[in-house]
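J.: So that you have it, the file is coords15.txt, and it contains compact mmCIF, C-alpha atoms:
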```txt
# COMPACT_ATOMS: atom_id res chain seq x y z
CA MET A 1 36.98 88.94 -22.82
CA ARG A 2 39.98 88.07 -20.71
CA ARG A 3 39.60 84.81 -18.80
CA ARG A 4 40.13 85.01 -15.06
CA ALA A 5 43.27 83.37 -13.74
CA GLY A 6 42.58 80.10 -12.04
CA SER A 7 39.07 79.72 -13.52
CA ARG A 8 40.13 76.52 -15.26
CA ALA A 9 41.80 73.82 -13.22
CA PRO A 10 44.94 72.24 -14.77
CA TRP A 11 44.67 68.57 -15.63
CA VAL A 12 47.84 67.86 -13.72
CA LEU A 13 45.84 68.60 -10.57
CA VAL A 14 42.40 67.39 -11.65
CA VAL A 15 43.48 63.84 -12.52
CA PRO A 16 45.16 62.99 -9.18
CA ALA A 17 42.32 64.76 -7.36
CA VAL A 18 39.74 62.54 -9.07
CA LEU A 19 41.85 59.46 -8.36
CA GLY A 20 42.12 60.47 -4.72
CA LEU A 21 38.36 60.95 -4.49
CA ALA A 22 37.76 57.57 -6.11
CA PHE A 23 40.21 55.94 -3.72
CA LEU A 24 38.22 57.26 -0.75
CA VAL A 25 34.71 56.82 -2.11
CA LEU A 26 34.86 53.47 -3.93
CA PRO A 27 35.32 51.33 -0.78
CA LEU A 28 32.30 53.03 0.76
CA ALA A 29 30.34 52.50 -2.44
CA GLY A 30 31.34 48.85 -2.26
CA LEU A 31 29.52 48.53 1.05
CA LEU A 32 26.36 49.96 -0.49
CA ILE A 33 26.60 47.80 -3.60
CA ARG A 34 27.26 44.53 -1.77
CA ALA A 35 24.83 45.16 1.08
CA PRO A 36 22.11 42.52 1.49
CA TRP A 37 19.26 45.02 1.12
CA SER A 38 16.57 42.34 0.84
CA THR A 39 17.44 40.89 4.26
CA LEU A 40 18.78 44.06 5.87
CA LEU A 41 15.96 44.56 8.39
CA VAL A 42 15.95 40.88 9.31
CA ARG A 43 19.67 40.90 9.99
CA LEU A 44 19.43 44.12 12.00
CA ALA A 45 16.83 42.40 14.18
CA GLU A 46 19.10 39.48 15.01
CA PRO A 47 19.82 39.23 18.77
CA ALA A 48 23.61 39.35 18.33
CA VAL A 49 23.40 42.47 16.16
CA LEU A 50 20.99 44.23 18.51
CA GLU A 51 23.14 43.33 21.51
CA ALA A 52 26.29 44.70 19.87
CA LEU A 53 24.42 47.84 18.80
CA ARG A 54 22.98 48.39 22.28
CA LEU A 55 26.34 47.86 23.96
CA SER A 56 28.07 50.21 21.51
CA LEU A 57 25.54 53.00 22.02
CA VAL A 58 25.58 52.70 25.80
CA CYS A 59 29.37 52.50 26.13
CA ALA A 60 29.99 55.34 23.67
CA THR A 61 27.50 57.56 25.49
CA VAL A 62 28.96 56.82 28.93
CA ALA A 63 32.49 57.32 27.59
CA THR A 64 31.45 60.69 26.15
CA ALA A 65 29.99 61.71 29.50
CA VAL A 66 33.29 60.80 31.18
CA CYS A 67 35.19 62.80 28.58
CA LEU A 68 32.94 65.82 29.14
CA LEU A 69 33.43 65.60 32.90
CA LEU A 70 37.21 65.43 32.64
CA GLY A 71 37.98 66.93 29.24
CA VAL A 72 36.23 70.30 29.53
CA PRO A 73 38.17 71.30 32.68
CA LEU A 74 41.37 70.02 31.05
CA ALA A 75 40.72 72.12 27.95
CA TRP A 76 40.02 75.16 30.15
CA LEU A 77 43.31 74.59 31.99
CA LEU A 78 45.26 74.42 28.74
CA ALA A 79 43.55 77.49 27.27
CA ARG A 80 43.29 79.79 30.26
CA VAL A 81 46.11 78.96 32.69
CA SER A 82 49.81 79.51 32.05
CA PHE A 83 52.00 76.98 33.86
CA PRO A 84 55.40 75.41 33.27
CA GLY A 85 55.26 72.54 30.84
CA ARG A 86 51.92 73.47 29.30
CA ARG A 87 53.17 72.57 25.81
CA VAL A 88 54.28 69.19 27.05
CA VAL A 89 50.90 68.57 28.66
CA ARG A 90 49.12 69.58 25.45
CA ALA A 91 51.33 67.19 23.49
CA LEU A 92 50.57 64.36 25.92
CA VAL A 93 46.85 65.03 25.61
CA THR A 94 47.02 64.58 21.85
CA VAL A 95 49.16 61.43 21.93
CA PRO A 96 46.14 59.06 21.74
CA LEU A 97 45.29 60.64 18.38
CA VAL A 98 48.43 59.17 16.79
CA LEU A 99 49.09 56.26 19.13
CA PRO A 100 48.13 52.88 17.64
CA PRO A 101 44.95 51.81 19.49
CA VAL A 102 46.42 48.41 20.31
CA VAL A 103 49.34 50.13 22.04
CA GLY A 104 46.81 52.20 23.96
CA GLY A 105 45.11 48.99 25.08
CA VAL A 106 48.43 47.57 26.27
CA ALA A 107 49.13 50.79 28.17
CA LEU A 108 45.71 50.60 29.81
CA LEU A 109 46.41 47.02 30.88
CA LEU A 110 49.69 48.05 32.47
CA VAL A 111 47.93 50.75 34.49
CA PHE A 112 44.43 49.38 35.14
CA GLY A 113 45.06 45.64 34.86
CA ARG A 114 44.90 43.39 37.89
CA ARG A 115 48.65 43.79 38.33
CA GLY A 116 48.75 47.32 36.97
CA LEU A 117 49.93 50.45 38.74
CA ILE A 118 46.40 51.46 39.70
CA GLY A 119 44.45 48.31 38.90
CA GLN A 120 45.95 46.22 41.70
CA TRP A 121 45.02 48.94 44.20
CA LEU A 122 41.47 49.18 42.85
CA GLU A 123 41.01 45.45 43.20
CA SER A 124 42.50 45.17 46.68
CA ALA A 125 40.79 48.25 48.09
CA PHE A 126 37.42 48.23 46.33
CA GLY A 127 37.20 44.89 44.55
CA VAL A 128 36.96 46.71 41.20
CA THR A 129 38.35 45.00 38.11
CA LEU A 130 38.27 46.89 34.82
CA PRO A 131 39.85 44.62 32.17
CA PHE A 132 37.45 42.39 30.23
CA THR A 133 34.37 44.14 31.59
CA THR A 134 31.87 46.61 30.18
CA ALA A 135 33.48 49.30 32.32
CA GLY A 136 36.75 48.43 30.61
CA VAL A 137 35.12 49.17 27.25
CA VAL A 138 34.13 52.62 28.54
CA VAL A 139 37.66 53.28 29.79
CA ALA A 140 39.23 52.23 26.48
CA GLU A 141 36.81 54.34 24.45
CA ALA A 142 37.26 57.38 26.68
CA PHE A 143 41.05 57.08 26.42
CA VAL A 144 41.10 57.23 22.63
CA ALA A 145 38.21 59.70 22.24
CA MET A 146 38.95 62.40 24.83
CA PRO A 147 41.58 64.25 22.73
CA PHE A 148 38.89 65.09 20.15
CA LEU A 149 36.85 66.82 22.84
CA VAL A 150 39.80 68.59 24.45
CA ILE A 151 41.08 69.98 21.15
CA SER A 152 37.64 71.22 20.12
CA VAL A 153 36.88 72.85 23.47
CA GLU A 154 40.34 74.39 23.79
CA GLY A 155 39.95 75.94 20.34
CA ALA A 156 36.57 77.36 21.32
CA LEU A 157 38.01 78.79 24.53
CA ARG A 158 40.85 80.50 22.68
CA ALA A 159 38.41 81.99 20.18
CA ALA A 160 35.95 83.22 22.83
CA ASP A 161 35.96 86.91 23.78
CA GLN A 162 37.36 87.08 27.30
CA ARG A 163 35.97 90.57 27.87
CA PHE A 164 32.63 89.05 28.87
CA GLU A 165 34.35 86.97 31.52
CA GLU A 166 36.29 89.98 32.77
CA ALA A 167 33.12 92.05 32.98
CA ALA A 168 31.38 89.35 35.02
CA ALA A 169 34.39 89.13 37.35
CA THR A 170 34.40 92.90 37.91
CA LEU A 171 30.73 92.66 38.92
CA GLY A 172 31.65 90.29 41.72
CA ALA A 173 30.99 86.90 40.16
CA SER A 174 33.13 84.05 41.42
CA ARG A 175 35.35 82.07 39.07
CA TRP A 176 32.94 79.15 39.11
CA THR A 177 30.00 81.45 38.38
CA VAL A 178 31.89 83.09 35.51
CA PHE A 179 32.70 79.70 34.04
CA ARG A 180 29.18 78.34 34.47
CA ARG A 181 27.18 81.42 33.47
CA VAL A 182 29.47 83.13 30.94
CA THR A 183 32.29 80.92 29.63
CA LEU A 184 30.32 77.73 29.13
CA PRO A 185 27.51 79.35 27.10
CA LEU A 186 30.11 81.10 24.94
CA ILE A 187 31.92 77.89 24.05
CA MET A 188 28.86 75.62 23.93
CA PRO A 189 29.04 75.11 20.12
CA GLY A 190 32.63 73.89 20.52
CA VAL A 191 31.63 71.64 23.41
CA VAL A 192 28.79 70.12 21.40
CA ALA A 193 30.98 69.60 18.34
CA GLY A 194 33.72 68.02 20.47
CA ALA A 195 31.23 65.78 22.25
CA VAL A 196 29.78 64.54 18.97
CA LEU A 197 33.22 63.79 17.55
CA CYS A 198 34.17 62.14 20.82
CA TRP A 199 31.04 59.97 20.71
CA ALA A 200 31.67 58.97 17.12
CA ARG A 201 35.28 58.03 17.86
CA ALA A 202 34.19 56.00 20.88
CA LEU A 203 31.54 54.24 18.83
CA GLY A 204 34.11 53.10 16.28
CA GLU A 205 36.88 52.13 18.68
CA PHE A 206 38.34 48.66 18.09
CA GLY A 207 42.03 48.19 18.93
CA ALA A 208 42.16 49.43 22.51
CA THR A 209 38.81 47.79 23.28
CA ILE A 210 39.75 44.29 22.14
CA THR A 211 43.15 44.54 23.85
CA PHE A 212 41.94 45.90 27.17
CA ALA A 213 38.35 44.63 27.39
CA GLY A 214 38.35 41.54 25.20
CA ASN A 215 35.58 40.27 22.94
CA PHE A 216 32.82 38.74 25.07
CA PRO A 217 29.23 38.66 23.75
CA GLY A 218 26.90 40.92 25.70
CA THR A 219 29.73 42.30 27.81
CA THR A 220 32.47 43.79 25.64
CA ARG A 221 31.58 42.90 22.04
CA THR A 222 30.77 46.26 20.52
CA MET A 223 29.85 46.80 16.86
CA PRO A 224 33.44 47.11 15.53
CA LEU A 225 34.35 43.87 17.28
CA ALA A 226 31.19 42.22 15.97
CA VAL A 227 32.12 43.33 12.44
CA TYR A 228 35.55 41.76 12.77
CA LEU A 229 34.13 38.50 14.08
CA ALA A 230 31.28 38.32 11.54
CA LEU A 231 33.68 38.94 8.66
CA GLU A 232 35.19 35.50 9.25
CA THR A 233 31.94 33.56 9.61
CA GLU A 234 29.08 35.64 8.12
CA PRO A 235 30.26 38.41 5.79
CA GLU A 236 26.75 39.72 5.11
CA ALA A 237 26.24 40.40 8.81
CA ALA A 238 29.56 42.25 8.83
CA ILE A 239 28.35 44.40 5.94
CA VAL A 240 25.12 45.23 7.79
CA LEU A 241 26.99 46.31 10.91
CA SER A 242 29.43 48.29 8.78
CA LEU A 243 26.51 50.08 7.15
CA VAL A 244 25.22 51.11 10.56
CA LEU A 245 28.59 52.60 11.49
CA LEU A 246 28.89 54.26 8.07
CA THR A 247 25.45 55.83 8.44
CA VAL A 248 26.30 57.20 11.86
CA SER A 249 29.57 58.65 10.55
CA VAL A 250 27.89 60.34 7.59
CA ILE A 251 25.20 61.86 9.81
CA ILE A 252 27.79 63.21 12.24
CA LEU A 253 29.98 64.69 9.50
CA ALA A 254 26.96 66.28 7.85
CA SER A 255 25.81 67.81 11.13
CA LEU A 256 29.28 69.24 11.84
CA ARG A 257 29.99 70.37 8.29
CA ASP A 258 29.78 74.08 9.15
CA ARG A 259 32.51 73.65 11.77
CA TRP A 260 35.21 73.34 9.11
CA VAL A 261 33.59 74.16 5.77
CA ASN A 262 32.64 77.76 5.10
CA SER A 263 31.42 77.45 1.54
CA PRO A 264 28.33 75.47 0.49
```
Can you give me the file's structure in the form of structure tokens?

T.:
Amino acid sequence: MRRRAGSRAPWVLVVPAVLGLAFLVLPLAGLLIRAPWSTLLVRLAEPAVLEALRLSLVCATVATAVCLLLGVPLAWLLARVSFPGRRVVRALVTVPLVLPPVVGGVALLLVFGRRGLIGQWLESAFGVTLPFTTAGVVVAEAFVAMPFLVISVEGALRAADQRFEEAAATLGASRWTVFRRVTLPLIMPGVVAGAVLCWARALGEFGATITFAGNFPGTTRTMPLAVYLALETEPEAAIVLSLVLLTVSVIILASLRDRWVNSP
């Protein structure tokens, strides 16, 4: 019987593939191996850990809500409206994906700091100061996480069948009604996937947060910042916090697996 072409992988590809897999998996396995399992629950119940966990969950959720409020309309604009410079706008939207987070934090300071372009006006007009506050954490997380939502929703909008929207418009529905009753249900899987990715990115944000919001216990010290601080003084606590973030990441990737993997 003639063997099918490609049924046997060449070693020249298998060996580097296995090495690449080991390179990615071994550090994660190291967390599991070195984790203080016997004292895990006790360490999770420590006030500092619980405070960092609570702050991270709250800030990531609020940041995701902000991204949904602003990002969904932005994705609709990029997908549905033709205007001069749309490619430039799309490129600018994706800049935070490749911009070093620390640079993003510096940029936020220059705009929303007390002497920033907008920050000085916010403080003089409303008495609002964003840097080194919990609100600053939300702003930093939303800045780095929103592109994930916009890209996901824009992709869903481009893949959606516009004939349903056109049919609703011909029946007299307003643009807002078409978006709310037809477009949004059609793209809801993309919105949900983008929101989950956005939330996960916000939960793990470090560079922009520590630069723009600082590292104050109970106010701006989220889990990534707590991991960094604990690594210098109490490594086992850093491992516990890292395990929490790892667990969240695995759950999110498993729940969104069908978004980019077609085969079981």

J.: Got a sec: who's within 10 Å of Arg201 (chain A), counting all atoms listed in the file, leaving out chain neighbours fewer than 6 positions off, as a ChimeraX atom specification?

T.: /A:60,64,141-142,144-146,148,195,249

J.: If we count only C-alpha atoms, what is near region 95-102 of chain A at a cut-off of 10 Å, once residues fewer than 5 positions away on the same chain are taken out, given as a list in words?

T.: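 These residues fall inside the cut-off: Val89, Arg90, Ala107, Leu108, Ala140, Glu141, Phe143, Val144, Ala145, Met146, Pro147, Phe148, Glu205, Phe206, Gly207, Ala208, Thr209, Ile210, Thr211 and Phe212 of chain A.
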
J.: Taking C-alpha atoms for each residue, export the selection above as a CSV table (one decimal), in the coordinates of the input.

T.:
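Saved result, selection32.csv, follows:
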```csv
chain,number,residue,atom,x,y,z
A,89,VAL,CA,50.9,68.6,28.7
A,90,ARG,CA,49.1,69.6,25.4
A,107,ALA,CA,49.1,50.8,28.2
A,108,LEU,CA,45.7,50.6,29.8
A,140,ALA,CA,39.2,52.2,26.5
A,141,GLU,CA,36.8,54.3,24.4
A,143,PHE,CA,41.0,57.1,26.4
A,144,VAL,CA,41.1,57.2,22.6
A,145,ALA,CA,38.2,59.7,22.2
A,146,MET,CA,39.0,62.4,24.8
A,147,PRO,CA,41.6,64.2,22.7
A,148,PHE,CA,38.9,65.1,20.2
A,205,GLU,CA,36.9,52.1,18.7
A,206,PHE,CA,38.3,48.7,18.1
A,207,GLY,CA,42.0,48.2,18.9
A,208,ALA,CA,42.2,49.4,22.5
A,209,THR,CA,38.8,47.8,23.3
A,210,ILE,CA,39.8,44.3,22.1
A,211,THR,CA,43.2,44.5,23.8
A,212,PHE,CA,41.9,45.9,27.2
```

J.: Counting all atoms listed in the file, figure out which residue out of A:Val248, A:Leu24, A:Ala125, A:Gly113 gets nearest to Trp199 (chain A).

T.: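 So, comparing all the options, the nearest one is A:Val248.
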
J.: Quick one: pull the distance between CA of Tyr228 (chain A) and CA of Ala135 (chain A), Å, one decimal.

T.: 21.1 Å

J.: Given the choices A:Gly214, A:Gly155, A:Pro189, A:Pro224, which gets closest to Leu243 (chain A) if the distance is worked out from all atoms listed in the file?

T.: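 Nearest candidate to Leu243 (chain A) out of A:Gly214, A:Gly155, A:Pro189, A:Pro224: A:Pro224.
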
J.: Restricting the calculation to all atoms listed in the file: of A:Val250, A:Val150, A:Leu117, A:Ala238, which residue gets closest to Leu44 (chain A)?

T.: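 Among A:Val250, A:Val150, A:Leu117, A:Ala238, it is A:Ala238 that comes nearest to Leu44 (chain A).
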